[in-house]
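**Q** If it helps, the file is called query-v7.tsv and holds TSV, C-alpha atoms:
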chain	number	residue	atom	x	y	z
W	1	MET	CA	23.30	-19.37	54.98
W	2	LYS	CA	22.83	-20.58	51.41
W	3	ILE	CA	20.89	-23.85	50.88
W	4	SER	CA	21.47	-26.02	47.81
W	5	LEU	CA	19.57	-29.12	46.71
W	6	ASP	CA	21.26	-31.23	44.02
W	7	GLN	CA	19.09	-33.81	42.21
W	8	VAL	CA	17.23	-34.78	45.40
W	9	VAL	CA	14.91	-37.80	45.23
W	10	LYS	CA	12.51	-39.16	47.86
W	11	THR	CA	10.35	-42.27	47.58
W	12	PHE	CA	7.83	-43.64	50.07
W	13	ASP	CA	7.25	-47.35	49.38
W	14	THR	CA	6.32	-47.29	45.68
W	15	PHE	CA	5.35	-43.59	45.56
W	16	ARG	CA	8.02	-41.16	44.40
W	17	ALA	CA	7.26	-37.89	46.16
W	18	VAL	CA	10.23	-35.88	44.84
W	19	HIS	CA	11.82	-36.40	41.41
W	20	GLY	CA	15.40	-35.14	41.14
W	21	VAL	CA	14.81	-31.61	42.45
W	22	SER	CA	17.67	-29.10	42.23
W	23	LEU	CA	17.24	-25.73	43.90
W	24	GLU	CA	19.36	-22.93	45.37
W	25	ILE	CA	18.14	-20.61	48.12
W	26	GLY	CA	20.38	-17.62	48.58
W	27	SER	CA	21.64	-16.44	51.95
W	28	GLY	CA	18.97	-14.21	53.50
W	29	GLU	CA	16.40	-15.05	50.82
W	30	LEU	CA	12.75	-15.81	51.59
W	31	VAL	CA	11.53	-18.54	49.23
W	32	ALA	CA	8.06	-20.07	48.96
W	33	LEU	CA	7.48	-23.67	47.87
W	34	LEU	CA	4.05	-23.44	46.25
W	35	GLY	CA	1.91	-26.24	44.87
W	36	PRO	CA	-1.20	-28.36	45.30
W	37	SER	CA	-1.46	-31.19	47.81
W	38	GLY	CA	0.87	-34.05	46.87
W	39	SER	CA	3.27	-31.85	44.89
W	40	GLY	CA	6.24	-32.70	47.15
W	41	LYS	CA	6.71	-29.31	48.80
W	42	THR	CA	6.43	-30.50	52.43
W	43	THR	CA	8.66	-33.50	51.70
W	44	ILE	CA	11.35	-31.15	50.38
W	45	LEU	CA	11.03	-28.96	53.48
W	46	ARG	CA	11.32	-31.98	55.77
W	47	MET	CA	14.45	-33.16	53.93
W	48	VAL	CA	16.04	-29.74	54.36
W	49	ALA	CA	15.16	-29.92	58.06
W	50	GLY	CA	16.55	-33.44	58.45
W	51	LEU	CA	13.18	-34.92	59.40
W	52	GLU	CA	13.38	-37.04	56.25
W	53	TYR	CA	16.50	-38.26	54.42
W	54	ALA	CA	16.97	-38.09	50.66
W	55	ASP	CA	17.17	-41.42	48.83
W	56	GLU	CA	19.34	-39.82	46.15
W	57	GLY	CA	21.04	-36.46	45.67
W	58	ARG	CA	22.68	-34.07	48.11
W	59	ILE	CA	21.66	-31.14	50.32
W	60	PHE	CA	24.21	-28.45	51.19
W	61	PHE	CA	24.16	-25.75	53.87
W	62	GLY	CA	26.66	-23.29	52.52
W	63	GLU	CA	29.58	-25.46	51.42
W	64	GLU	CA	28.84	-28.21	53.96
W	65	ASP	CA	27.18	-31.44	52.83
W	66	ALA	CA	24.24	-31.71	55.23
W	67	THR	CA	22.50	-34.62	53.48
W	68	ASN	CA	22.93	-37.07	56.35
W	69	ILE	CA	23.46	-34.68	59.26
W	70	PRO	CA	20.87	-35.34	62.04
W	71	VAL	CA	18.16	-32.74	62.51
W	72	ARG	CA	19.50	-31.50	65.87
W	73	GLN	CA	22.86	-30.69	64.31
W	74	ARG	CA	21.57	-28.76	61.30
W	75	GLY	CA	20.84	-25.48	63.04
W	76	VAL	CA	17.32	-25.08	61.68
W	77	GLY	CA	14.26	-23.51	63.25
W	78	PHE	CA	11.00	-25.22	62.29
W	79	VAL	CA	7.48	-23.78	62.58
W	80	PHE	CA	4.55	-26.16	62.08
W	81	GLN	CA	1.02	-25.34	60.96
W	82	HIS	CA	-0.55	-26.38	64.25
W	83	TYR	CA	1.93	-24.60	66.55
W	84	ALA	CA	3.08	-27.76	68.46
W	85	LEU	CA	3.29	-25.75	71.69
W	86	PHE	CA	3.50	-27.50	75.05
W	87	PRO	CA	0.11	-26.88	76.70
W	88	HIS	CA	1.46	-27.30	80.23
W	89	MET	CA	4.12	-24.61	79.72
W	90	THR	CA	3.66	-20.86	79.70
W	91	VAL	CA	4.44	-18.78	76.64
W	92	ALA	CA	7.83	-17.86	78.11
W	93	GLU	CA	8.60	-21.49	79.00
W	94	ASN	CA	7.71	-22.63	75.48
W	95	ILE	CA	10.08	-20.07	73.98
W	96	ALA	CA	12.85	-20.99	76.43
W	97	PHE	CA	12.52	-24.76	75.95
W	98	GLY	CA	14.95	-25.11	73.04
W	99	MET	CA	17.62	-23.07	74.81
W	100	LYS	CA	17.32	-25.18	77.96
W	101	VAL	CA	17.82	-28.51	76.12
W	102	SER	CA	20.46	-27.20	73.71
W	103	LYS	CA	24.05	-28.40	73.88
W	104	VAL	CA	25.00	-24.73	74.04
W	105	LYS	CA	24.69	-23.95	77.73
W	106	ARG	CA	23.20	-20.60	78.74
W	107	SER	CA	22.71	-19.10	82.16
W	108	LYS	CA	19.22	-18.59	83.53
W	109	ALA	CA	19.68	-14.83	83.20
W	110	ASP	CA	20.75	-15.15	79.54
W	111	ILE	CA	17.70	-17.32	78.75
W	112	GLU	CA	15.33	-14.89	80.47
W	113	ALA	CA	16.85	-11.95	78.59
W	114	ARG	CA	16.58	-13.79	75.26
W	115	VAL	CA	12.94	-14.70	75.94
W	116	ALA	CA	12.16	-11.07	76.77
W	117	ASP	CA	13.82	-9.91	73.53
W	118	LEU	CA	11.83	-12.43	71.49
W	119	LEU	CA	8.56	-11.51	73.15
W	120	ARG	CA	9.19	-7.91	72.10
W	121	LEU	CA	10.18	-9.02	68.59
W	122	VAL	CA	6.92	-10.96	68.07
W	123	LYS	CA	4.86	-8.25	69.80
W	124	LEU	CA	3.76	-10.39	72.75
W	125	ASP	CA	5.19	-8.28	75.56
W	126	GLY	CA	3.40	-8.98	78.83
W	127	LEU	CA	2.00	-12.36	77.73
W	128	GLY	CA	4.91	-14.54	78.87
W	129	ASP	CA	3.03	-15.89	81.91
W	130	ARG	CA	-0.01	-17.03	79.93
W	131	PHE	CA	-0.60	-20.58	78.72
W	132	PRO	CA	-1.27	-21.44	75.06
W	133	THR	CA	-4.99	-21.97	75.74
W	134	GLN	CA	-5.21	-18.38	77.03
W	135	ILE	CA	-4.07	-16.71	73.80
W	136	SER	CA	-5.43	-16.56	70.25
W	137	GLY	CA	-4.39	-18.72	67.31
W	138	GLY	CA	-2.43	-15.89	65.75
W	139	GLN	CA	-0.61	-15.29	69.03
W	140	ARG	CA	0.19	-19.00	69.34
W	141	GLN	CA	1.78	-18.94	65.91
W	142	ARG	CA	3.90	-15.97	67.00
W	143	VAL	CA	5.01	-17.98	70.04
W	144	ALA	CA	5.91	-20.89	67.74
W	145	LEU	CA	8.05	-18.56	65.61
W	146	ALA	CA	9.73	-17.06	68.68
W	147	ARG	CA	10.55	-20.57	69.91
W	148	ALA	CA	12.07	-21.45	66.52
W	149	LEU	CA	14.20	-18.28	66.58
W	150	ALA	CA	15.31	-18.73	70.19
W	151	VAL	CA	18.13	-21.11	69.28
W	152	ASP	CA	19.60	-18.69	66.69
W	153	PRO	CA	19.01	-20.98	63.70
W	154	LYS	CA	20.95	-20.67	60.47
W	155	VAL	CA	17.78	-21.44	58.50
W	156	LEU	CA	14.08	-20.88	59.25
W	157	LEU	CA	11.59	-23.42	57.87
W	158	LEU	CA	7.82	-22.94	57.94
W	159	ASP	CA	5.27	-25.59	56.96
W	160	GLU	CA	1.91	-23.99	56.08
W	161	PRO	CA	2.44	-21.62	59.03
W	162	PHE	CA	-0.85	-19.75	58.65
W	163	GLY	CA	-3.06	-22.55	57.33
W	164	ALA	CA	-5.05	-22.97	60.55
W	165	LEU	CA	-5.94	-19.27	60.82
W	166	ASP	CA	-8.72	-17.19	59.30
W	167	ALA	CA	-8.08	-14.94	56.30
W	168	ASN	CA	-7.77	-11.62	58.14
W	169	VAL	CA	-5.31	-13.03	60.69
W	170	ARG	CA	-3.28	-14.65	57.89
W	171	ARG	CA	-2.94	-11.31	56.09
W	172	ASP	CA	-1.79	-9.57	59.27
W	173	LEU	CA	0.73	-12.32	60.06
W	174	ARG	CA	2.11	-12.28	56.52
W	175	ARG	CA	2.94	-8.59	56.83
W	176	TRP	CA	4.41	-9.19	60.27
W	177	LEU	CA	6.54	-12.16	59.11
W	178	ARG	CA	7.89	-10.10	56.23
W	179	GLU	CA	8.92	-7.37	58.68
W	180	ILE	CA	10.60	-9.95	60.94
W	181	HIS	CA	12.47	-11.40	57.97
W	182	GLU	CA	13.71	-8.01	56.82
W	183	GLU	CA	14.88	-7.22	60.35
W	184	LEU	CA	16.70	-10.53	60.95
W	185	GLY	CA	17.80	-11.41	57.39
W	186	ILE	CA	17.60	-15.15	58.10
W	187	THR	CA	17.40	-17.58	55.17
W	188	THR	CA	13.76	-18.69	55.11
W	189	LEU	CA	11.94	-21.46	53.24
W	190	PHE	CA	8.20	-21.83	53.64
W	191	VAL	CA	5.58	-24.17	52.24
W	192	THR	CA	2.13	-23.07	51.18
W	193	HIS	CA	-0.68	-24.01	48.81
W	194	ASP	CA	-2.06	-20.46	49.05
W	195	GLN	CA	-1.08	-18.53	45.92
W	196	GLU	CA	-1.85	-15.13	47.46
W	197	GLU	CA	0.33	-15.94	50.46
W	198	ALA	CA	3.31	-16.97	48.34
W	199	LEU	CA	3.07	-14.04	45.95
W	200	ASP	CA	2.60	-11.53	48.76
W	201	LEU	CA	5.38	-12.74	51.02
W	202	ALA	CA	8.22	-14.37	49.09
W	203	ASP	CA	11.27	-12.98	47.32
W	204	ARG	CA	11.06	-15.98	45.00
W	205	VAL	CA	8.35	-18.53	44.33
W	206	VAL	CA	9.11	-22.17	43.42
W	207	ILE	CA	6.08	-23.91	41.93
W	208	LEU	CA	5.91	-27.71	42.17
W	209	ASP	CA	3.69	-30.33	40.58
W	210	HIS	CA	3.96	-34.09	41.12
W	211	GLY	CA	7.35	-33.80	42.81
W	212	ARG	CA	8.99	-31.64	40.16
W	213	ILE	CA	9.76	-27.93	39.90
W	214	VAL	CA	7.69	-26.57	37.01
W	215	GLN	CA	8.66	-22.90	37.39
W	216	GLU	CA	10.53	-20.56	39.69
W	217	GLY	CA	11.01	-16.81	39.76
W	218	THR	CA	9.97	-13.63	41.48
W	219	PRO	CA	6.24	-13.23	42.17
W	220	GLU	CA	6.01	-10.80	39.26
W	221	GLU	CA	7.83	-13.17	36.88
W	222	VAL	CA	5.67	-16.22	37.57
W	223	CYS	CA	2.47	-14.15	37.34
W	224	ARG	CA	3.37	-12.29	34.15
W	225	ARG	CA	5.11	-15.15	32.34
W	226	PRO	CA	3.73	-18.55	33.39
W	227	ASP	CA	5.68	-21.37	31.72
W	228	SER	CA	2.77	-23.77	31.31
W	229	ALA	CA	-0.99	-24.16	31.34
W	230	PHE	CA	-0.69	-25.76	34.79
W	231	VAL	CA	1.07	-22.71	36.25
W	232	MET	CA	-1.39	-20.33	34.61
W	233	THR	CA	-4.36	-22.27	35.95
W	234	PHE	CA	-2.88	-22.81	39.40
W	235	LEU	CA	-2.07	-19.13	39.84
W	236	GLY	CA	-5.55	-18.19	38.66
Kindly present the structure from the file in structure tokens form.
**A**
Amino acid sequence: MKISLDQVVKTFDTFRAVHGVSLEIGSGELVALLGPSGSGKTTILRMVAGLEYADEGRIFFGEEDATNIPVRQRGVGFVFQHYALFPHMTVAENIAFGMKVSKVKRSKADIEARVADLLRLVKLDGLGDRFPTQISGGQRQRVALARALAVDPKVLLLDEPFGALDANVRRDLRRWLREIHEELGITTLFVTHDQEEALDLADRVVILDHGRIVQEGTPEEVCRRPDSAFVMTFLG
């Protein structure tokens, strides 16, 4: 599913968080929105998700204008930095939750089979009966991803997905997420302020500053040919 943003603007009270951003994310592409705090990257992600609405401009999913479509009708999977798992539910129940409340009705057997497939996909076989407090932070983030994938989203959105984890776990999860992406081929947009993470994981990096795109390209392109002193300094 291709995603297109056309001159998107978002203002909060008197603060303009996003200034006329236009961006295309190809079907099956993994794109990183990279920038310092306050650069507008999370606001853009939330507008794509439908958690915020654009004040100006349009957002398209394929050829469909999704600008004002409610979040539940957009077909997106969203992974937050702090997991947002239900503590009173087991790992399997957390993964199954979206399927149980979806308008698309599934039998109990279908849901159980899908949960089992996802547990294998995220390498958590045998942990379905545990509660979130009984597994590690890295495992919780895998559960959060499995839950997002359970509803067969058209688009996967990740907001600082590894920010709460230590460096070694982040590196392991980056490699794992890349493998998952290559296996599933789902269009993926993720937000990070970690340059290493973006350059290591993404097909294309979009660098933002003060609500504007200042450069975009492959990791190699933005590293070898920074367009400005800001990009050069930010990428180190």
**Q** Compare W:Arg171, W:Lys10, W:Lys154, W:Arg204 by their minimum atom-to-atom distance to W:Asp55, counting all atoms listed in the file, and give me the closest one.
**A**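 Nearest candidate to W:Asp55 out of W:Arg171, W:Lys10, W:Lys154, W:Arg204: W:Lys10.
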**Q** In terms of the shortest atom-to-atom distance over only C-alpha atoms, which of W:Leu118, W:Leu33, W:Leu45, W:Ala144 is closest to W:Ala84?
**A**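 Going through W:Leu118, W:Leu33, W:Leu45, W:Ala144 one by one, the smallest distance to W:Ala84 is for W:Ala144.
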**Q** By how many Å are atom CA of W:Ala17 and atom CA of W:Leu5 apart?
**A** 15.1 Å
**Q** Might you pull out every residue within 10 Å of W:Leu199, with only C-alpha atoms counted and same-chain residues fewer than 3 positions away left off, and present them as a count of residues only?
**A** 15
**Q** In Å, how far is it from atom CA of W:Thr90 to atom CA of W:Val143?
**A**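 The value is 10.2 Å.
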**Q** Taking into account all atoms listed in the file, which residue in the set W:Glu183, W:Ala198, W:Val122, W:Asp172 is nearest to W:Glu216?
**A**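 Answer, going by the shortest atom-to-atom distance: W:Ala198.
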**Q** Looking at all atoms listed in the file, which of W:Val206, W:Val76, W:Val104, W:Ala109 is the one that sits closest to W:Glu24?
**A**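 When distances to W:Glu24 are compared using all atoms listed in the file, the smallest one comes from W:Val206.
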**Q** Would you mind telling me which residue in W:Asp166, W:Glu52, W:Glu197, W:Glu29 lies nearest to W:Phe12 when using only C-alpha atoms?
**A**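 With only C-alpha atoms as the atom set, the closest residue is W:Glu52.
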**Q** Please report the interatomic distance between atom CA of W:Phe80 and atom CA of W:Ala113 in Å with one decimal.
**A** 25.0 Å
**Q** Need to verify the contact set: W:Pro70, 10 Å, only C-alpha atoms, exclusion of same-chain residues closer than 6 positions in sequence. Can you return it as number ranges by chain?
**A** W: 49-53
**Q** May I have the residues within 8 Å of W:Gly38 as a short mmCIF file (atom, residue, chain, number, x, y, z; two decimals) with C-alpha atoms, keeping the file's coordinate frame, using all atoms listed in the file and disregarding those fewer than 2 positions away in the same chain?
**A**
data_model
loop_
_atom_site.label_atom_id
_atom_site.label_comp_id
_atom_site.auth_asym_id
_atom_site.auth_seq_id
_atom_site.Cartn_x
_atom_site.Cartn_y
_atom_site.Cartn_z
CA ALA W 17 7.26 -37.89 46.16
CA PRO W 36 -1.20 -28.36 45.30
CA GLY W 40 6.24 -32.70 47.15
CA LYS W 41 6.71 -29.31 48.80
CA ASP W 209 3.69 -30.33 40.58
CA HIS W 210 3.96 -34.09 41.12
CA GLY W 211 7.35 -33.80 42.81
#
**Q** Just checking: using all atoms listed in the file, which residue out of W:Asp110, W:Ser4, W:Gly75, W:Val9 ends up closest to W:Ile59?
**A**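 Looking only at the distances to W:Ile59, the closest residue turns out to be W:Ser4.
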**Q** List as a list in words the protein and nucleic acid residues near W:Gln141, meaning an atom at most 9 Å away when only C-alpha atoms are counted, but skip any in the same chain fewer than 2 places from it.
**A**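 Listing them by chain and then by number gives Val79, Phe80, Gln81, His82, Tyr83, Ser136, Gly137, Gly138, Gln139, Val143, Ala144, Leu145, Ala146, Pro161, Phe162 and Leu173 of chain W.
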**Q** Would you save the residues of that selection, restricted to C-alpha atoms, as a PDB file, in the frame of the given file?
**A**
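Written output follows (selection-v9.pdb):
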ATOM      1  CA  VAL W  79       7.480 -23.780  62.580  1.00  0.00           C
ATOM      2  CA  PHE W  80       4.550 -26.160  62.080  1.00  0.00           C
ATOM      3  CA  GLN W  81       1.020 -25.340  60.960  1.00  0.00           C
ATOM      4  CA  HIS W  82      -0.550 -26.380  64.250  1.00  0.00           C
ATOM      5  CA  TYR W  83       1.930 -24.600  66.550  1.00  0.00           C
ATOM      6  CA  SER W 136      -5.430 -16.560  70.250  1.00  0.00           C
ATOM      7  CA  GLY W 137      -4.390 -18.720  67.310  1.00  0.00           C
ATOM      8  CA  GLY W 138      -2.430 -15.890  65.750  1.00  0.00           C
ATOM      9  CA  GLN W 139      -0.610 -15.290  69.030  1.00  0.00           C
ATOM     10  CA  VAL W 143       5.010 -17.980  70.040  1.00  0.00           C
ATOM     11  CA  ALA W 144       5.910 -20.890  67.740  1.00  0.00           C
ATOM     12  CA  LEU W 145       8.050 -18.560  65.610  1.00  0.00           C
ATOM     13  CA  ALA W 146       9.730 -17.060  68.680  1.00  0.00           C
ATOM     14  CA  PRO W 161       2.440 -21.620  59.030  1.00  0.00           C
ATOM     15  CA  PHE W 162      -0.850 -19.750  58.650  1.00  0.00           C
ATOM     16  CA  LEU W 173       0.730 -12.320  60.060  1.00  0.00           C
TER      17      LEU W 173
END
**Q** With the input short on atoms, add all heavy atoms back to stretch 218-229 of chain W and write it as a PDB file, in the frame of the given file.
**A**
ATOM      1  N   THR W 218      10.589 -14.599  40.578  1.00  0.00           N
ATOM      2  CA  THR W 218       9.970 -13.630  41.480  1.00  0.00           C
ATOM      3  C   THR W 218       8.452 -13.728  41.327  1.00  0.00           C
ATOM      4  O   THR W 218       7.948 -14.248  40.318  1.00  0.00           O
ATOM      5  CB  THR W 218      10.424 -12.205  41.144  1.00  0.00           C
ATOM      6  OG1 THR W 218       9.900 -11.842  39.854  1.00  0.00           O
ATOM      7  CG2 THR W 218      11.945 -12.086  41.149  1.00  0.00           C
ATOM      8  N   PRO W 219       7.702 -13.232  42.310  1.00  0.00           N
ATOM      9  CA  PRO W 219       6.240 -13.230  42.170  1.00  0.00           C
ATOM     10  C   PRO W 219       5.782 -12.580  40.862  1.00  0.00           C
ATOM     11  O   PRO W 219       4.873 -13.089  40.194  1.00  0.00           O
ATOM     12  CB  PRO W 219       5.776 -12.449  43.398  1.00  0.00           C
ATOM     13  CG  PRO W 219       6.812 -12.728  44.430  1.00  0.00           C
ATOM     14  CD  PRO W 219       8.114 -12.772  43.673  1.00  0.00           C
ATOM     15  N   GLU W 220       6.406 -11.476  40.499  1.00  0.00           N
ATOM     16  CA  GLU W 220       6.010 -10.800  39.260  1.00  0.00           C
ATOM     17  C   GLU W 220       6.301 -11.668  38.036  1.00  0.00           C
ATOM     18  O   GLU W 220       5.478 -11.759  37.113  1.00  0.00           O
ATOM     19  CB  GLU W 220       6.759  -9.467  39.129  1.00  0.00           C
ATOM     20  CG  GLU W 220       6.369  -8.675  37.900  1.00  0.00           C
ATOM     21  CD  GLU W 220       7.071  -7.334  37.804  1.00  0.00           C
ATOM     22  OE1 GLU W 220       7.980  -7.088  38.630  1.00  0.00           O
ATOM     23  OE2 GLU W 220       6.718  -6.542  36.910  1.00  0.00           O
ATOM     24  N   GLU W 221       7.466 -12.347  38.033  1.00  0.00           N
ATOM     25  CA  GLU W 221       7.830 -13.170  36.880  1.00  0.00           C
ATOM     26  C   GLU W 221       6.872 -14.328  36.674  1.00  0.00           C
ATOM     27  O   GLU W 221       6.437 -14.595  35.539  1.00  0.00           O
ATOM     28  CB  GLU W 221       9.260 -13.703  37.061  1.00  0.00           C
ATOM     29  CG  GLU W 221      10.337 -12.636  36.872  1.00  0.00           C
ATOM     30  CD  GLU W 221      11.706 -13.095  37.317  1.00  0.00           C
ATOM     31  OE1 GLU W 221      11.812 -14.151  37.984  1.00  0.00           O
ATOM     32  OE2 GLU W 221      12.686 -12.388  36.998  1.00  0.00           O
ATOM     33  N   VAL W 222       6.533 -15.048  37.754  1.00  0.00           N
ATOM     34  CA  VAL W 222       5.670 -16.220  37.570  1.00  0.00           C
ATOM     35  C   VAL W 222       4.245 -15.801  37.223  1.00  0.00           C
ATOM     36  O   VAL W 222       3.527 -16.551  36.537  1.00  0.00           O
ATOM     37  CB  VAL W 222       5.688 -17.140  38.817  1.00  0.00           C
ATOM     38  CG1 VAL W 222       7.079 -17.697  39.057  1.00  0.00           C
ATOM     39  CG2 VAL W 222       5.165 -16.436  40.065  1.00  0.00           C
ATOM     40  N   CYS W 223       3.820 -14.619  37.681  1.00  0.00           N
ATOM     41  CA  CYS W 223       2.470 -14.150  37.340  1.00  0.00           C
ATOM     42  C   CYS W 223       2.392 -13.649  35.905  1.00  0.00           C
ATOM     43  O   CYS W 223       1.427 -13.926  35.185  1.00  0.00           O
ATOM     44  CB  CYS W 223       2.039 -13.043  38.297  1.00  0.00           C
ATOM     45  SG  CYS W 223       1.517 -13.612  39.916  1.00  0.00           S
ATOM     46  N   ARG W 224       3.403 -12.904  35.486  1.00  0.00           N
ATOM     47  CA  ARG W 224       3.370 -12.290  34.150  1.00  0.00           C
ATOM     48  C   ARG W 224       3.744 -13.262  33.046  1.00  0.00           C
ATOM     49  O   ARG W 224       3.257 -13.144  31.919  1.00  0.00           O
ATOM     50  CB  ARG W 224       4.316 -11.081  34.100  1.00  0.00           C
ATOM     51  CG  ARG W 224       3.816  -9.869  34.879  1.00  0.00           C
ATOM     52  CD  ARG W 224       4.801  -8.720  34.770  1.00  0.00           C
ATOM     53  NE  ARG W 224       4.336  -7.532  35.443  1.00  0.00           N
ATOM     54  CZ  ARG W 224       3.554  -6.602  34.897  1.00  0.00           C
ATOM     55  NH1 ARG W 224       3.147  -6.756  33.641  1.00  0.00           N
ATOM     56  NH2 ARG W 224       3.169  -5.544  35.579  1.00  0.00           N
ATOM     57  N   ARG W 225       4.627 -14.242  33.389  1.00  0.00           N
ATOM     58  CA  ARG W 225       5.110 -15.150  32.340  1.00  0.00           C
ATOM     59  C   ARG W 225       5.039 -16.608  32.802  1.00  0.00           C
ATOM     60  O   ARG W 225       6.091 -17.253  32.993  1.00  0.00           O
ATOM     61  CB  ARG W 225       6.549 -14.779  31.953  1.00  0.00           C
ATOM     62  CG  ARG W 225       6.661 -13.416  31.294  1.00  0.00           C
ATOM     63  CD  ARG W 225       8.069 -13.126  30.823  1.00  0.00           C
ATOM     64  NE  ARG W 225       8.997 -12.974  31.934  1.00  0.00           N
ATOM     65  CZ  ARG W 225       9.164 -11.848  32.613  1.00  0.00           C
ATOM     66  NH1 ARG W 225       8.466 -10.769  32.306  1.00  0.00           N
ATOM     67  NH2 ARG W 225      10.039 -11.772  33.597  1.00  0.00           N
ATOM     68  N   PRO W 226       3.832 -17.138  33.001  1.00  0.00           N
ATOM     69  CA  PRO W 226       3.730 -18.550  33.390  1.00  0.00           C
ATOM     70  C   PRO W 226       4.275 -19.454  32.284  1.00  0.00           C
ATOM     71  O   PRO W 226       4.052 -19.203  31.097  1.00  0.00           O
ATOM     72  CB  PRO W 226       2.225 -18.750  33.583  1.00  0.00           C
ATOM     73  CG  PRO W 226       1.581 -17.644  32.804  1.00  0.00           C
ATOM     74  CD  PRO W 226       2.515 -16.489  32.845  1.00  0.00           C
ATOM     75  N   ASP W 227       5.014 -20.504  32.702  1.00  0.00           N
ATOM     76  CA  ASP W 227       5.680 -21.370  31.720  1.00  0.00           C
ATOM     77  C   ASP W 227       4.779 -22.453  31.149  1.00  0.00           C
ATOM     78  O   ASP W 227       5.172 -23.134  30.199  1.00  0.00           O
ATOM     79  CB  ASP W 227       6.893 -22.054  32.379  1.00  0.00           C
ATOM     80  CG  ASP W 227       8.068 -21.104  32.522  1.00  0.00           C
ATOM     81  OD1 ASP W 227       8.035 -20.020  31.915  1.00  0.00           O
ATOM     82  OD2 ASP W 227       9.025 -21.452  33.245  1.00  0.00           O
ATOM     83  N   SER W 228       3.619 -22.668  31.761  1.00  0.00           N
ATOM     84  CA  SER W 228       2.770 -23.770  31.310  1.00  0.00           C
ATOM     85  C   SER W 228       1.316 -23.478  31.638  1.00  0.00           C
ATOM     86  O   SER W 228       0.998 -22.578  32.421  1.00  0.00           O
ATOM     87  CB  SER W 228       3.184 -25.079  32.007  1.00  0.00           C
ATOM     88  OG  SER W 228       2.944 -24.980  33.406  1.00  0.00           O
ATOM     89  N   ALA W 229       0.432 -24.291  31.051  1.00  0.00           N
ATOM     90  CA  ALA W 229      -0.990 -24.160  31.340  1.00  0.00           C
ATOM     91  C   ALA W 229      -1.276 -24.477  32.800  1.00  0.00           C
ATOM     92  O   ALA W 229      -2.152 -23.866  33.425  1.00  0.00           O
ATOM     93  CB  ALA W 229      -1.791 -25.096  30.430  1.00  0.00           C
TER      94      ALA W 229
END
